$ cat work-v3.pdb   # PDB, C-alpha atoms and all ligand atoms
ATOM      1  CA  MET C 210      19.271 -21.711  -3.103  1.00  0.00           C
ATOM      2  CA  THR C 211      18.996 -20.957   0.627  1.00  0.00           C
ATOM      3  CA  SER C 212      15.498 -21.317   2.007  1.00  0.00           C
ATOM      4  CA  ARG C 213      13.756 -18.423   3.723  1.00  0.00           C
ATOM      5  CA  VAL C 214      13.050 -18.237   7.451  1.00  0.00           C
ATOM      6  CA  ASP C 215       9.357 -18.981   6.964  1.00  0.00           C
ATOM      7  CA  GLY C 216       9.974 -21.636   4.299  1.00  0.00           C
ATOM      8  CA  ARG C 217       8.690 -19.543   1.365  1.00  0.00           C
ATOM      9  CA  LYS C 218      10.257 -19.587  -2.092  1.00  0.00           C
ATOM     10  CA  ILE C 219      12.145 -16.446  -3.074  1.00  0.00           C
ATOM     11  CA  ASP C 220       9.320 -15.404  -5.403  1.00  0.00           C
ATOM     12  CA  GLU C 221       6.471 -16.285  -3.059  1.00  0.00           C
ATOM     13  CA  LEU C 222       4.197 -13.753  -1.360  1.00  0.00           C
ATOM     14  CA  ARG C 223       3.015 -14.259   2.182  1.00  0.00           C
ATOM     15  CA  LYS C 224      -0.577 -15.493   2.502  1.00  0.00           C
ATOM     16  CA  MET C 225      -2.985 -12.701   1.561  1.00  0.00           C
ATOM     17  CA  SER C 226      -6.600 -11.834   2.242  1.00  0.00           C
ATOM     18  CA  ALA C 227      -8.750  -8.820   1.484  1.00  0.00           C
ATOM     19  CA  ARG C 228     -12.205  -7.485   2.319  1.00  0.00           C
ATOM     20  CA  ILE C 229     -14.230  -4.581   1.030  1.00  0.00           C
ATOM     21  CA  GLY C 230     -16.649  -2.437   3.044  1.00  0.00           C
ATOM     22  CA  VAL C 231     -15.023  -2.874   6.442  1.00  0.00           C
ATOM     23  CA  VAL C 232     -15.870   0.676   7.633  1.00  0.00           C
ATOM     24  CA  LYS C 233     -19.577   1.270   7.049  1.00  0.00           C
ATOM     25  CA  ARG C 234     -19.504   5.045   7.640  1.00  0.00           C
ATOM     26  CA  ALA C 235     -16.845   5.621   5.006  1.00  0.00           C
ATOM     27  CA  ASP C 236     -17.620   6.209   1.333  1.00  0.00           C
ATOM     28  CA  GLY C 237     -15.286   3.337   0.541  1.00  0.00           C
ATOM     29  CA  SER C 238     -13.171   1.007   2.638  1.00  0.00           C
ATOM     30  CA  ALA C 239     -11.009  -2.080   2.486  1.00  0.00           C
ATOM     31  CA  MET C 240      -8.804  -4.367   4.528  1.00  0.00           C
ATOM     32  CA  PHE C 241      -5.693  -6.018   3.160  1.00  0.00           C
ATOM     33  CA  GLN C 242      -3.638  -8.600   5.018  1.00  0.00           C
ATOM     34  CA  ILE C 243      -0.321 -10.016   3.877  1.00  0.00           C
ATOM     35  CA  GLY C 244       1.310 -12.355   6.348  1.00  0.00           C
ATOM     36  CA  ASP C 245       1.089 -10.686   9.753  1.00  0.00           C
ATOM     37  CA  THR C 246       0.732  -7.176   8.323  1.00  0.00           C
ATOM     38  CA  ILE C 247      -2.847  -5.873   8.354  1.00  0.00           C
ATOM     39  CA  ALA C 248      -3.914  -2.538   6.820  1.00  0.00           C
ATOM     40  CA  PHE C 249      -7.334  -0.875   6.894  1.00  0.00           C
ATOM     41  CA  ALA C 250      -8.167   1.981   4.536  1.00  0.00           C
ATOM     42  CA  ALA C 251     -11.191   4.292   4.626  1.00  0.00           C
ATOM     43  CA  VAL C 252     -12.023   6.878   1.958  1.00  0.00           C
ATOM     44  CA  TYR C 253     -14.169   9.986   2.556  1.00  0.00           C
ATOM     45  CA  GLY C 254     -15.113  12.170  -0.367  1.00  0.00           C
ATOM     46  CA  PRO C 255     -14.838  13.672  -2.878  1.00  0.00           C
ATOM     47  CA  ARG C 256     -16.168  16.529  -0.703  1.00  0.00           C
ATOM     48  CA  GLU C 257     -15.630  20.269  -0.621  1.00  0.00           C
ATOM     49  CA  LEU C 258     -12.186  21.198   0.680  1.00  0.00           C
ATOM     50  CA  HIS C 259     -11.952  23.479   3.703  1.00  0.00           C
ATOM     51  CA  PRO C 260     -10.374  25.907   4.377  1.00  0.00           C
ATOM     52  CA  ARG C 261     -11.279  27.291   0.964  1.00  0.00           C
ATOM     53  CA  PHE C 262      -7.899  28.887   0.264  1.00  0.00           C
ATOM     54  CA  LEU C 263      -6.553  25.318  -0.125  1.00  0.00           C
ATOM     55  CA  GLN C 264      -9.011  24.615  -2.943  1.00  0.00           C
ATOM     56  CA  ASN C 265      -7.737  24.062  -6.462  1.00  0.00           C
ATOM     57  CA  PRO C 266     -10.284  24.984  -9.177  1.00  0.00           C
ATOM     58  CA  GLU C 267      -8.463  22.652 -11.600  1.00  0.00           C
ATOM     59  CA  LYS C 268      -8.607  19.428  -9.596  1.00  0.00           C
ATOM     60  CA  ALA C 269      -9.272  17.658  -6.316  1.00  0.00           C
ATOM     61  CA  MET C 270      -6.680  17.135  -3.624  1.00  0.00           C
ATOM     62  CA  LEU C 271      -5.898  13.522  -2.704  1.00  0.00           C
ATOM     63  CA  ARG C 272      -4.928  13.565   0.956  1.00  0.00           C
ATOM     64  CA  CYS C 273      -3.518  10.415   2.552  1.00  0.00           C
ATOM     65  CA  HIS C 274      -3.115   9.852   6.271  1.00  0.00           C
ATOM     66  CA  TYR C 275      -0.994   6.811   7.221  1.00  0.00           C
ATOM     67  CA  ASP C 276      -0.834   5.731  10.852  1.00  0.00           C
ATOM     68  CA  MET C 277       0.253   2.682  12.796  1.00  0.00           C
ATOM     69  CA  ALA C 278      -1.893   1.686  15.796  1.00  0.00           C
ATOM     70  CA  SER C 279       0.051   1.747  19.065  1.00  0.00           C
ATOM     71  CA  PHE C 280      -0.799  -1.939  19.552  1.00  0.00           C
ATOM     72  CA  SER C 281       0.349  -2.919  16.042  1.00  0.00           C
ATOM     73  CA  VAL C 282       3.870  -3.835  17.171  1.00  0.00           C
ATOM     74  CA  SER C 283       5.058  -5.766  20.232  1.00  0.00           C
ATOM     75  CA  GLU C 284       6.649  -2.739  21.943  1.00  0.00           C
ATOM     76  CA  ARG C 285       3.838  -0.150  22.179  1.00  0.00           C
ATOM     77  CA  LYS C 286       4.297   2.448  19.427  1.00  0.00           C
ATOM     78  CA  LYS C 287       4.038   6.080  20.541  1.00  0.00           C
ATOM     79  CA  PRO C 288       0.679   7.322  19.246  1.00  0.00           C
ATOM     80  CA  GLY C 289       0.413  10.263  16.902  1.00  0.00           C
ATOM     81  CA  PRO C 290       2.248  11.465  13.819  1.00  0.00           C
ATOM     82  CA  SER C 291       5.979  10.980  13.339  1.00  0.00           C
ATOM     83  CA  ARG C 292       8.496  11.807  10.622  1.00  0.00           C
ATOM     84  CA  ARG C 293       8.005   8.264   9.359  1.00  0.00           C
ATOM     85  CA  SER C 294       4.199   8.527   9.126  1.00  0.00           C
ATOM     86  CA  VAL C 295       4.413  11.919   7.396  1.00  0.00           C
ATOM     87  CA  GLU C 296       6.841  10.490   4.830  1.00  0.00           C
ATOM     88  CA  ILE C 297       4.702   7.386   4.239  1.00  0.00           C
ATOM     89  CA  SER C 298       1.537   9.506   3.863  1.00  0.00           C
ATOM     90  CA  LEU C 299       3.297  11.577   1.234  1.00  0.00           C
ATOM     91  CA  VAL C 300       4.654   8.648  -0.799  1.00  0.00           C
ATOM     92  CA  THR C 301       1.223   6.994  -0.576  1.00  0.00           C
ATOM     93  CA  GLU C 302      -0.354  10.119  -2.089  1.00  0.00           C
ATOM     94  CA  LYS C 303       2.167  10.010  -4.904  1.00  0.00           C
ATOM     95  CA  ALA C 304       1.658   6.281  -5.436  1.00  0.00           C
ATOM     96  CA  LEU C 305      -2.104   6.724  -5.882  1.00  0.00           C
ATOM     97  CA  SER C 306      -2.698  10.172  -7.356  1.00  0.00           C
ATOM     98  CA  SER C 307      -1.597   9.383 -10.922  1.00  0.00           C
ATOM     99  CA  VAL C 308      -4.385   6.817 -11.382  1.00  0.00           C
ATOM    100  CA  VAL C 309      -7.189   8.906  -9.861  1.00  0.00           C
ATOM    101  CA  ASP C 310      -9.070  11.260 -12.149  1.00  0.00           C
ATOM    102  CA  LEU C 311      -8.711  14.281  -9.849  1.00  0.00           C
ATOM    103  CA  LYS C 312      -9.716  16.779 -12.571  1.00  0.00           C
ATOM    104  CA  LEU C 313     -13.318  15.576 -12.276  1.00  0.00           C
ATOM    105  CA  TYR C 314     -13.638  17.171  -8.841  1.00  0.00           C
ATOM    106  CA  PRO C 315     -12.434  20.770  -8.759  1.00  0.00           C
ATOM    107  CA  ASN C 316     -12.151  22.376  -5.294  1.00  0.00           C
ATOM    108  CA  ALA C 317     -12.692  18.999  -3.621  1.00  0.00           C
ATOM    109  CA  VAL C 318     -10.684  16.740  -1.351  1.00  0.00           C
ATOM    110  CA  ILE C 319     -10.568  12.968  -1.223  1.00  0.00           C
ATOM    111  CA  ASP C 320      -9.344  11.821   2.187  1.00  0.00           C
ATOM    112  CA  VAL C 321      -7.724   8.410   2.471  1.00  0.00           C
ATOM    113  CA  PHE C 322      -7.117   7.170   6.015  1.00  0.00           C
ATOM    114  CA  ILE C 323      -4.789   4.188   6.398  1.00  0.00           C
ATOM    115  CA  GLN C 324      -4.493   2.466   9.729  1.00  0.00           C
ATOM    116  CA  ILE C 325      -2.002  -0.341  10.310  1.00  0.00           C
ATOM    117  CA  ILE C 326      -3.573  -2.690  12.823  1.00  0.00           C
ATOM    118  CA  GLN C 327      -0.720  -5.182  12.903  1.00  0.00           C
ATOM    119  CA  ALA C 328       2.778  -4.565  11.554  1.00  0.00           C
ATOM    120  CA  ASN C 329       5.277  -7.094  10.308  1.00  0.00           C
ATOM    121  CA  ALA C 330       7.133  -5.249   7.514  1.00  0.00           C
ATOM    122  CA  GLY C 331       5.694  -3.939   4.274  1.00  0.00           C
ATOM    123  CA  THR C 332       3.105  -1.734   5.933  1.00  0.00           C
ATOM    124  CA  ARG C 333       3.366   1.149   3.447  1.00  0.00           C
ATOM    125  CA  CYS C 334       2.783  -1.338   0.611  1.00  0.00           C
ATOM    126  CA  ALA C 335      -0.150  -2.985   2.367  1.00  0.00           C
ATOM    127  CA  GLY C 336      -1.591   0.477   3.041  1.00  0.00           C
ATOM    128  CA  ILE C 337      -1.345   1.475  -0.624  1.00  0.00           C
ATOM    129  CA  THR C 338      -2.933  -1.810  -1.739  1.00  0.00           C
ATOM    130  CA  ALA C 339      -5.828  -1.368   0.729  1.00  0.00           C
ATOM    131  CA  ALA C 340      -6.246   2.314  -0.171  1.00  0.00           C
ATOM    132  CA  ALA C 341      -6.527   1.564  -3.908  1.00  0.00           C
ATOM    133  CA  MET C 342      -9.346  -0.893  -3.172  1.00  0.00           C
ATOM    134  CA  ALA C 343     -11.069   1.602  -0.847  1.00  0.00           C
ATOM    135  CA  LEU C 344     -10.911   4.300  -3.559  1.00  0.00           C
ATOM    136  CA  ALA C 345     -12.447   1.917  -6.087  1.00  0.00           C
ATOM    137  CA  HIS C 346     -15.124   0.954  -3.551  1.00  0.00           C
ATOM    138  CA  ALA C 347     -15.891   4.659  -2.983  1.00  0.00           C
ATOM    139  CA  GLY C 348     -16.630   4.906  -6.706  1.00  0.00           C
ATOM    140  CA  VAL C 349     -13.791   7.339  -7.359  1.00  0.00           C
ATOM    141  CA  PRO C 350     -12.986   7.086 -11.097  1.00  0.00           C
ATOM    142  CA  MET C 351      -9.569   5.449 -11.531  1.00  0.00           C
ATOM    143  CA  ARG C 352      -7.713   4.798 -14.752  1.00  0.00           C
ATOM    144  CA  GLU C 353      -6.249   1.581 -13.341  1.00  0.00           C
ATOM    145  CA  MET C 354      -5.585  -0.148 -10.036  1.00  0.00           C
ATOM    146  CA  VAL C 355      -2.476   0.128  -7.893  1.00  0.00           C
ATOM    147  CA  ALA C 356      -0.869  -2.673  -5.902  1.00  0.00           C
ATOM    148  CA  ALA C 357       2.307  -2.538  -3.866  1.00  0.00           C
ATOM    149  CA  VAL C 358       4.781  -5.006  -2.462  1.00  0.00           C
ATOM    150  CA  SER C 359       8.234  -4.906  -0.990  1.00  0.00           C
ATOM    151  CA  VAL C 360      11.156  -6.715  -2.603  1.00  0.00           C
ATOM    152  CA  GLY C 361      14.718  -6.818  -1.456  1.00  0.00           C
ATOM    153  CA  LYS C 362      18.004  -8.513  -0.878  1.00  0.00           C
ATOM    154  CA  VAL C 363      18.427 -10.879   2.025  1.00  0.00           C
ATOM    155  CA  GLY C 364      21.933 -12.320   2.178  1.00  0.00           C
ATOM    156  CA  LYS C 365      22.828 -12.740  -1.489  1.00  0.00           C
ATOM    157  CA  GLU C 366      19.291 -13.515  -2.599  1.00  0.00           C
ATOM    158  CA  ILE C 367      16.741 -11.175  -4.199  1.00  0.00           C
ATOM    159  CA  VAL C 368      13.415 -12.039  -2.559  1.00  0.00           C
ATOM    160  CA  LEU C 369       9.747 -11.050  -2.723  1.00  0.00           C
ATOM    161  CA  ASP C 370       7.760  -9.656   0.213  1.00  0.00           C
ATOM    162  CA  LEU C 371      10.202  -9.450   3.120  1.00  0.00           C
ATOM    163  CA  THR C 372       9.120 -10.208   6.677  1.00  0.00           C
ATOM    164  CA  LYS C 373      10.346  -8.118   9.615  1.00  0.00           C
ATOM    165  CA  GLU C 374      12.665 -10.982  10.528  1.00  0.00           C
ATOM    166  CA  GLU C 375      14.203 -10.874   7.040  1.00  0.00           C
ATOM    167  CA  GLU C 376      14.467  -7.068   7.132  1.00  0.00           C
ATOM    168  CA  ASP C 377      16.338  -7.288  10.433  1.00  0.00           C
ATOM    169  CA  GLU C 378      18.709  -9.964   9.169  1.00  0.00           C
ATOM    170  CA  GLU C 379      22.200  -9.682  10.727  1.00  0.00           C
ATOM    171  CA  THR C 380      24.086  -9.067   7.495  1.00  0.00           C
ATOM    172  CA  GLY C 381      21.698  -6.197   6.684  1.00  0.00           C
ATOM    173  CA  ALA C 382      18.853  -6.608   4.234  1.00  0.00           C
ATOM    174  CA  THR C 383      17.922  -4.184   1.464  1.00  0.00           C
ATOM    175  CA  ASP C 384      14.244  -3.223   1.370  1.00  0.00           C
ATOM    176  CA  ILE C 385      12.680  -1.901  -1.854  1.00  0.00           C
ATOM    177  CA  PRO C 386       8.984  -1.014  -1.611  1.00  0.00           C
ATOM    178  CA  VAL C 387       7.397  -0.866  -5.076  1.00  0.00           C
ATOM    179  CA  ALA C 388       3.912   0.202  -6.219  1.00  0.00           C
ATOM    180  CA  MET C 389       2.720  -0.606  -9.709  1.00  0.00           C
ATOM    181  CA  THR C 390      -0.299   0.186 -11.868  1.00  0.00           C
ATOM    182  CA  SER C 391      -2.378  -2.685 -13.206  1.00  0.00           C
ATOM    183  CA  TYR C 392      -2.646  -1.779 -16.887  1.00  0.00           C
ATOM    184  CA  ASN C 393       0.346   0.328 -17.920  1.00  0.00           C
ATOM    185  CA  LYS C 394       2.619  -1.352 -15.338  1.00  0.00           C
ATOM    186  CA  GLY C 395       3.851   2.083 -14.349  1.00  0.00           C
ATOM    187  CA  ILE C 396       5.895   2.335 -11.182  1.00  0.00           C
ATOM    188  CA  THR C 397       4.330   4.871  -8.799  1.00  0.00           C
ATOM    189  CA  LEU C 398       6.449   4.100  -5.732  1.00  0.00           C
ATOM    190  CA  LEU C 399      10.087   3.074  -5.638  1.00  0.00           C
ATOM    191  CA  GLN C 400      12.127   3.480  -2.508  1.00  0.00           C
ATOM    192  CA  LEU C 401      15.361   1.821  -1.556  1.00  0.00           C
ATOM    193  CA  ASP C 402      16.769   1.272   1.897  1.00  0.00           C
ATOM    194  CA  GLY C 403      20.127  -0.463   1.552  1.00  0.00           C
ATOM    195  CA  GLU C 404      22.318  -1.315  -1.399  1.00  0.00           C
ATOM    196  CA  VAL C 405      21.835  -3.266  -4.626  1.00  0.00           C
ATOM    197  CA  ASN C 406      23.600  -3.174  -7.976  1.00  0.00           C
ATOM    198  CA  LYS C 407      21.837  -2.504 -11.284  1.00  0.00           C
ATOM    199  CA  LYS C 408      21.404  -6.183 -12.155  1.00  0.00           C
ATOM    200  CA  GLU C 409      19.908  -6.911  -8.737  1.00  0.00           C
ATOM    201  CA  LEU C 410      17.560  -3.921  -8.992  1.00  0.00           C
ATOM    202  CA  ILE C 411      16.261  -5.130 -12.373  1.00  0.00           C
ATOM    203  CA  GLU C 412      15.724  -8.599 -10.913  1.00  0.00           C
ATOM    204  CA  ALA C 413      13.980  -7.088  -7.876  1.00  0.00           C
ATOM    205  CA  LEU C 414      11.634  -5.043 -10.069  1.00  0.00           C
ATOM    206  CA  LYS C 415      10.730  -8.142 -12.077  1.00  0.00           C
ATOM    207  CA  LEU C 416       9.884  -9.904  -8.847  1.00  0.00           C
ATOM    208  CA  ALA C 417       7.818  -6.929  -7.665  1.00  0.00           C
ATOM    209  CA  GLY C 418       5.914  -7.062 -10.971  1.00  0.00           C
ATOM    210  CA  LYS C 419       5.130 -10.729 -10.403  1.00  0.00           C
ATOM    211  CA  GLY C 420       3.994 -10.039  -6.837  1.00  0.00           C
ATOM    212  CA  CYS C 421       1.788  -7.120  -7.907  1.00  0.00           C
ATOM    213  CA  GLU C 422       0.118  -9.286 -10.573  1.00  0.00           C
ATOM    214  CA  GLU C 423      -1.022 -11.681  -7.837  1.00  0.00           C
ATOM    215  CA  ILE C 424      -2.242  -8.777  -5.704  1.00  0.00           C
ATOM    216  CA  PHE C 425      -4.162  -7.268  -8.676  1.00  0.00           C
ATOM    217  CA  LYS C 426      -6.005 -10.586  -9.074  1.00  0.00           C
ATOM    218  CA  LEU C 427      -7.058 -10.544  -5.419  1.00  0.00           C
ATOM    219  CA  GLN C 428      -8.113  -6.864  -5.596  1.00  0.00           C
ATOM    220  CA  GLU C 429     -10.185  -7.548  -8.701  1.00  0.00           C
ATOM    221  CA  ARG C 430     -11.795 -10.641  -7.211  1.00  0.00           C
ATOM    222  CA  VAL C 431     -12.942  -8.989  -3.966  1.00  0.00           C
ATOM    223  CA  LEU C 432     -14.162  -5.846  -5.730  1.00  0.00           C
ATOM    224  CA  LYS C 433     -16.117  -7.927  -8.247  1.00  0.00           C
ATOM    225  CA  GLU C 434     -17.659  -9.943  -5.392  1.00  0.00           C
ATOM    226  CA  VAL C 435     -19.054  -6.740  -3.884  1.00  0.00           C
ATOM    227  CA  TYR C 436     -20.589  -5.513  -7.111  1.00  0.00           C
ATOM    228  CA  SER C 437     -22.072  -8.896  -7.925  1.00  0.00           C
ATOM    229  CA  GLY C 438     -23.675  -9.007  -4.450  1.00  0.00           C
ATOM    230  CA  GLY C 439     -21.193 -11.535  -3.131  1.00  0.00           C
ATOM    231  CA  LYS C 440     -19.948 -12.218   0.363  1.00  0.00           C
ATOM    232  CA  ASN C 441     -17.860  -9.091   0.851  1.00  0.00           C
ATOM    233  CA  GLU C 442     -19.663  -6.174   2.434  1.00  0.00           C
TER     234      GLU C 442
HETATM  235  P1  LIG C 501       7.308  -0.631   6.126  1.00  0.00           P
HETATM  236  O1  LIG C 501       6.373  -1.065   7.208  1.00  0.00           O
HETATM  237  O2  LIG C 501       6.623   0.031   4.981  1.00  0.00           O
HETATM  238  O3  LIG C 501       8.226  -1.752   5.677  1.00  0.00           O
HETATM  239  P2  LIG C 501       9.561   0.506   7.600  1.00  0.00           P
HETATM  240  O4  LIG C 501      10.655  -0.078   6.784  1.00  0.00           O
HETATM  241  O5  LIG C 501       9.731   1.897   8.149  1.00  0.00           O
HETATM  242  O6  LIG C 501       8.198   0.542   6.748  1.00  0.00           O
HETATM  243  O7  LIG C 501       9.236  -0.426   8.819  1.00  0.00           O
HETATM  244  C1  LIG C 501       9.480  -1.793   8.774  1.00  0.00           C
HETATM  245  C2  LIG C 501       8.784  -2.479   9.916  1.00  0.00           C
HETATM  246  O8  LIG C 501       9.358  -2.066  11.141  1.00  0.00           O
HETATM  247  C3  LIG C 501       7.309  -2.171  10.077  1.00  0.00           C
HETATM  248  O9  LIG C 501       6.503  -2.881   9.177  1.00  0.00           O
HETATM  249  C4  LIG C 501       7.088  -2.596  11.492  1.00  0.00           C
HETATM  250  O10 LIG C 501       6.978  -4.018  11.569  1.00  0.00           O
HETATM  251  C5  LIG C 501       8.378  -2.149  12.158  1.00  0.00           C
HETATM  252  N1  LIG C 501       8.218  -0.816  12.764  1.00  0.00           N
HETATM  253  C6  LIG C 501       8.131   0.373  12.140  1.00  0.00           C
HETATM  254  N2  LIG C 501       7.968   1.383  13.020  1.00  0.00           N
HETATM  255  C7  LIG C 501       7.959   0.821  14.243  1.00  0.00           C
HETATM  256  C8  LIG C 501       7.819   1.313  15.582  1.00  0.00           C
HETATM  257  N3  LIG C 501       7.657   2.608  15.847  1.00  0.00           N
HETATM  258  N4  LIG C 501       7.869   0.406  16.583  1.00  0.00           N
HETATM  259  C9  LIG C 501       8.043  -0.902  16.334  1.00  0.00           C
HETATM  260  N5  LIG C 501       8.168  -1.431  15.094  1.00  0.00           N
HETATM  261  C10 LIG C 501       8.116  -0.607  14.079  1.00  0.00           C
END

$ encode --input "work-v3.pdb" --output "structure tokens"
Amino acid sequence: MTSRVDGRKIDELRKMSARIGVVKRADGSAMFQIGDTIAFAAVYGPRELHPRFLQNPEKAMLRCHYDMASFSVSERKKPGPSRRSVEISLVTEKALSSVVDLKLYPNAVIDVFIQIIQANAGTRCAGITAAAMALAHAGVPMREMVAAVSVGKVGKEIVLDLTKEEEDEETGATDIPVAMTSYNKGITLLQLDGEVNKKELIEALKLAGKGCEEIFKLQERVLKEVYSGGKNE
């Protein structure tokens, strides 16, 4: 087995940390760091949706806004929305909306702002993981939690949680971001950039499941700390 550039095992996540209540003005907020990737998420709502013609009397709208700070990468990123940020906002909405009980809030909107402060691969996954914690912190009823991690193929090896260096590997890495629900183990995000065969995809999904389990534990721990008056918040 070839070792990875940062010395991790193939099924090892980068070092993680998480905090709840990082944006005091928001109804719910969280920070999630995995390796050198840092995501902040802030939730506002449920609140009445304007303009009113966008309102749905059956359920609330979950609206996600993903953005990467211009200082989050070494070459300054052009500020403002891009095709990439629009796509990531949309897949984030899809990754989260199935666990949120949107029918409880007709005509409302729940806004989820995700800001990537530092980027080193896996930012959409870190954003989803932070956003799920921020939603829970905002008291939005959720059927289960969502965690996300990227898996992929580097060289011939299927590995967990790719770094930017691994993604940019000369022979061309395959990146598979996956989001999973904590109870039913449903997959709410599955994208694939590169090539893998069926056997490799099954192996990658198993690895993503293992990674998400570790992330669920961290999410649960920091959320429990807040509600038991612990050090978070
Ligand atoms: P993800 O961050 O979810 O893996 P991508 O595969 O699009 O999404 O991006 C991979 C990585 O490439 C990012 O995490 C970041 O480190 C880097 N990256 C993305 N966009 C830019 C950009 N505009 N400038 C510099 N680096 C970027």

$ closest_residue --input "work-v3.pdb" --among "C:Arg333, C:His274, C:Lys415, C:Lys433" --to "ligand LIG 501 (chain C)" --atoms "all atoms listed in the file"
C:Arg333

$ atom_distance --input "work-v3.pdb" --atom1 "atom CA of Glu409 of chain C" --atom2 "atom CA of Ile247 of chain C"
28.5 Å

$ resolve_selection --input "work-v3.pdb" --expression "the PyMOL selection byres (((not hetatm)) within 9 of (chain C and resi 501))" --output "number ranges by chain"
C: 246, 277, 279, 281-287, 291, 293-294, 297, 325, 327-336, 359, 371-373, 376-377, 384-386, 402

$ atom_distance --input "work-v3.pdb" --atom1 "atom CA of Gly403 of chain C" --atom2 "atom CA of Thr383 of chain C"
4.3 Å

$ atom_distance --input "work-v3.pdb" --atom1 "atom CA of Ala269 of chain C" --atom2 "atom CA of Ile323 of chain C"
19.1 Å

$ closest_residue --input "work-v3.pdb" --among "C:Val318, C:Ala251, C:Val363, C:Leu432" --to "Ala345 of chain C" --atoms "only C-alpha atoms"
C:Leu432

$ resolve_selection --input "work-v3.pdb" --expression "the PyMOL selection byres (((chain C and resi 338) around 12) and not hetatm)" --output "PDB file with C-alpha atoms, in the coordinates of the input"
ATOM      1  CA  MET C 225      -2.985 -12.701   1.561  1.00  0.00           C
ATOM      2  CA  SER C 226      -6.600 -11.834   2.242  1.00  0.00           C
ATOM      3  CA  ALA C 227      -8.750  -8.820   1.484  1.00  0.00           C
ATOM      4  CA  ARG C 228     -12.205  -7.485   2.319  1.00  0.00           C
ATOM      5  CA  ILE C 229     -14.230  -4.581   1.030  1.00  0.00           C
ATOM      6  CA  SER C 238     -13.171   1.007   2.638  1.00  0.00           C
ATOM      7  CA  ALA C 239     -11.009  -2.080   2.486  1.00  0.00           C
ATOM      8  CA  MET C 240      -8.804  -4.367   4.528  1.00  0.00           C
ATOM      9  CA  PHE C 241      -5.693  -6.018   3.160  1.00  0.00           C
ATOM     10  CA  GLN C 242      -3.638  -8.600   5.018  1.00  0.00           C
ATOM     11  CA  ILE C 243      -0.321 -10.016   3.877  1.00  0.00           C
ATOM     12  CA  THR C 246       0.732  -7.176   8.323  1.00  0.00           C
ATOM     13  CA  ILE C 247      -2.847  -5.873   8.354  1.00  0.00           C
ATOM     14  CA  ALA C 248      -3.914  -2.538   6.820  1.00  0.00           C
ATOM     15  CA  PHE C 249      -7.334  -0.875   6.894  1.00  0.00           C
ATOM     16  CA  ALA C 250      -8.167   1.981   4.536  1.00  0.00           C
ATOM     17  CA  THR C 301       1.223   6.994  -0.576  1.00  0.00           C
ATOM     18  CA  ALA C 304       1.658   6.281  -5.436  1.00  0.00           C
ATOM     19  CA  LEU C 305      -2.104   6.724  -5.882  1.00  0.00           C
ATOM     20  CA  ILE C 323      -4.789   4.188   6.398  1.00  0.00           C
ATOM     21  CA  GLY C 331       5.694  -3.939   4.274  1.00  0.00           C
ATOM     22  CA  THR C 332       3.105  -1.734   5.933  1.00  0.00           C
ATOM     23  CA  ARG C 333       3.366   1.149   3.447  1.00  0.00           C
ATOM     24  CA  CYS C 334       2.783  -1.338   0.611  1.00  0.00           C
ATOM     25  CA  ALA C 335      -0.150  -2.985   2.367  1.00  0.00           C
ATOM     26  CA  GLY C 336      -1.591   0.477   3.041  1.00  0.00           C
ATOM     27  CA  ILE C 337      -1.345   1.475  -0.624  1.00  0.00           C
ATOM     28  CA  ALA C 339      -5.828  -1.368   0.729  1.00  0.00           C
ATOM     29  CA  ALA C 340      -6.246   2.314  -0.171  1.00  0.00           C
ATOM     30  CA  ALA C 341      -6.527   1.564  -3.908  1.00  0.00           C
ATOM     31  CA  MET C 342      -9.346  -0.893  -3.172  1.00  0.00           C
ATOM     32  CA  ALA C 343     -11.069   1.602  -0.847  1.00  0.00           C
ATOM     33  CA  LEU C 344     -10.911   4.300  -3.559  1.00  0.00           C
ATOM     34  CA  ALA C 345     -12.447   1.917  -6.087  1.00  0.00           C
ATOM     35  CA  MET C 354      -5.585  -0.148 -10.036  1.00  0.00           C
ATOM     36  CA  VAL C 355      -2.476   0.128  -7.893  1.00  0.00           C
ATOM     37  CA  ALA C 356      -0.869  -2.673  -5.902  1.00  0.00           C
ATOM     38  CA  ALA C 357       2.307  -2.538  -3.866  1.00  0.00           C
ATOM     39  CA  VAL C 358       4.781  -5.006  -2.462  1.00  0.00           C
ATOM     40  CA  SER C 359       8.234  -4.906  -0.990  1.00  0.00           C
ATOM     41  CA  PRO C 386       8.984  -1.014  -1.611  1.00  0.00           C
ATOM     42  CA  VAL C 387       7.397  -0.866  -5.076  1.00  0.00           C
ATOM     43  CA  ALA C 388       3.912   0.202  -6.219  1.00  0.00           C
ATOM     44  CA  MET C 389       2.720  -0.606  -9.709  1.00  0.00           C
ATOM     45  CA  THR C 390      -0.299   0.186 -11.868  1.00  0.00           C
ATOM     46  CA  SER C 391      -2.378  -2.685 -13.206  1.00  0.00           C
ATOM     47  CA  LEU C 398       6.449   4.100  -5.732  1.00  0.00           C
ATOM     48  CA  GLY C 420       3.994 -10.039  -6.837  1.00  0.00           C
ATOM     49  CA  CYS C 421       1.788  -7.120  -7.907  1.00  0.00           C
ATOM     50  CA  GLU C 422       0.118  -9.286 -10.573  1.00  0.00           C
ATOM     51  CA  GLU C 423      -1.022 -11.681  -7.837  1.00  0.00           C
ATOM     52  CA  ILE C 424      -2.242  -8.777  -5.704  1.00  0.00           C
ATOM     53  CA  PHE C 425      -4.162  -7.268  -8.676  1.00  0.00           C
ATOM     54  CA  LYS C 426      -6.005 -10.586  -9.074  1.00  0.00           C
ATOM     55  CA  LEU C 427      -7.058 -10.544  -5.419  1.00  0.00           C
ATOM     56  CA  GLN C 428      -8.113  -6.864  -5.596  1.00  0.00           C
ATOM     57  CA  GLU C 429     -10.185  -7.548  -8.701  1.00  0.00           C
TER      58      GLU C 429
END

$ closest_residue --input "work-v3.pdb" --among "C:Glu375, C:Asp276, C:Asp245, C:Asp236" --to "Asp320 of chain C" --atoms "only C-alpha atoms"
C:Asp236
